[in-house]
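Data block below; observations after.
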Amino acid sequence: MGKLAARILFSITFFLVLVSRILPATSQEVEDEKEFDYNPNGEKGPAQWGKIHPDEWGACSNGSMQSPIDLLDERVDVVSHLGRLNRSYRPGNATLRNRGHDMMLKWEGGAGTIQINGTEYILNQCHWHSPSEHTINGKKLALEAHMVHESLDGKVAVVGIMYKIGRPDSFLSSLTKQLQSVAGSYERDTVVGVVDPRNIKIGSRKYYRYIGSLTIPPCTENVLWTMVKKVRTATRDQVRLLRVAVHDDSDTNARPLQAINSRSVKLFRPEDKDD
């Protein structure tokens, strides 16, 4: 190989490594979800995801640390050492994207960070599943939000929030006009403007923590999951709007429960009683 060819090859390799380092967490989840669906008996349903692209999506079938799971009281270890969620979010320009089976709110350049075990994870996007993907003692809830973060070295951390039917969720209320606009068109992206993720209410310091995976292909594992214990509320119309807006003619985008295998699930409970 000549010197020029060697230099070109080195430049291409360096570029690919650089791109892989700076791509956001959303690149790890499939951006166009048309290749799979949630039909339990269909050729593209959850049981078949790993066969659609065996090399890239194999973990969906063969993984041992898959999500979602049932958060069963008898199974969790109650601990007080994990610490409060150290969130440093900030407002940022955001776009609503119809990925095919869910609505994703994507921040351009991230929207601040969360710090877990000394690692900073940048908040890149939030999306919703209905009904909930995780369950609490076997019980499904109406809705589940996933706030997806990624560290500079490519580790993924997701904060999950579950909702039951009740009073309106103020954050979803702030997106109503944009979601209605998306529901009335087939545009993939809708510019929302500046969105402050601090308005996504958590309302509790208690949370579950375990190691799992992305819940859509490619089902990448070693995702650090934080599921907020407090169940929040949203209206039936808010949940329905998130489903109608994607135009996929399905009433669900929730992956079935996965085997927990030998994983530990911790429940952080502060030692003080002010929670």
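Identifiers in this document derive from the order of the structure tokens: chains are assigned A, B, ..., residues are numbered from 1 separately in each chain, and ligands are numbered from 1 in order of occurrence.
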Could you pull out all residues of region 17-206 of chain A with a DSSP call of strand (DSSP E or B) and give them as a PyMOL selection string? chain A and resi 70-71+76-79+86-89+92-98+103-107+112-116+119-129+135-136+139+143-150+156-165+189-195
Determine which residues of region 39-218 of chain A DSSP labels as helix (DSSP H, G or I) from the backbone of this structure, then write them out as a PyMOL selection string. chain A and resi 46-52+54-57+59-62+73-75+170-174+176-183+197-199
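When only C-alpha atoms are used to compute distances to Pro168 (chain A), the closest of the residues A:Gln238, A:Asn41, A:Asn98, A:Ser67 turns out to be A:Gln238.
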Residue nearest Lys139 (chain A) - candidates A:Leu71, A:Cys126, A:Met65, A:Cys219, atoms counted: only C-alpha atoms: A:Leu71
Tell me which protein, DNA and RNA residues are within 10 Å of Ile136 (chain A), counting only C-alpha atoms, leaving out same-chain ones fewer than 5 positions away, and put them as an MDAnalysis selection string. chainID A and resid 69:73 141 162 229 231
Write the residues of the selection above to a file with N, CA and C atoms, as an mmCIF file, in the first residue's frame.
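File produced: out29.cif:
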```cif
data_model
loop_
_atom_site.group_PDB
_atom_site.id
_atom_site.type_symbol
_atom_site.label_atom_id
_atom_site.label_comp_id
_atom_site.auth_asym_id
_atom_site.auth_seq_id
_atom_site.Cartn_x
_atom_site.Cartn_y
_atom_site.Cartn_z
ATOM 1 N N ILE A 69 -38.695 -4.601 32.844
ATOM 2 C CA ILE A 69 -38.879 -5.684 33.813
ATOM 3 C C ILE A 69 -40.001 -5.312 34.789
ATOM 4 N N ASP A 70 -40.420 -6.303 35.554
ATOM 5 C CA ASP A 70 -41.395 -6.050 36.619
ATOM 6 C C ASP A 70 -40.638 -5.630 37.877
ATOM 7 N N LEU A 71 -41.016 -4.494 38.441
ATOM 8 C CA LEU A 71 -40.390 -3.986 39.671
ATOM 9 C C LEU A 71 -41.183 -4.545 40.848
ATOM 10 N N LEU A 72 -40.762 -5.707 41.278
ATOM 11 C CA LEU A 72 -41.493 -6.469 42.297
ATOM 12 C C LEU A 72 -40.912 -6.183 43.677
ATOM 13 N N ASP A 73 -41.784 -5.819 44.617
ATOM 14 C CA ASP A 73 -41.346 -5.466 45.973
ATOM 15 C C ASP A 73 -40.468 -6.549 46.593
ATOM 16 N N LEU A 141 -49.235 0.592 34.033
ATOM 17 C CA LEU A 141 -49.844 1.902 34.186
ATOM 18 C C LEU A 141 -50.126 2.487 32.807
ATOM 19 N N MET A 162 -43.485 6.930 35.387
ATOM 20 C CA MET A 162 -44.749 6.285 35.049
ATOM 21 C C MET A 162 -45.937 7.146 35.483
ATOM 22 N N LYS A 229 -39.978 6.064 41.592
ATOM 23 C CA LYS A 229 -40.981 5.263 42.297
ATOM 24 C C LYS A 229 -42.351 5.917 42.293
ATOM 25 N N VAL A 231 -45.621 7.435 41.156
ATOM 26 C CA VAL A 231 -46.427 7.393 39.941
ATOM 27 C C VAL A 231 -47.142 8.735 39.799
#
```
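The residue that comes closest to Ser204 (chain A), out of A:Ala111, A:Leu242, A:Leu85, A:Ala142 and on the basis of only C-alpha atoms, is A:Leu85.
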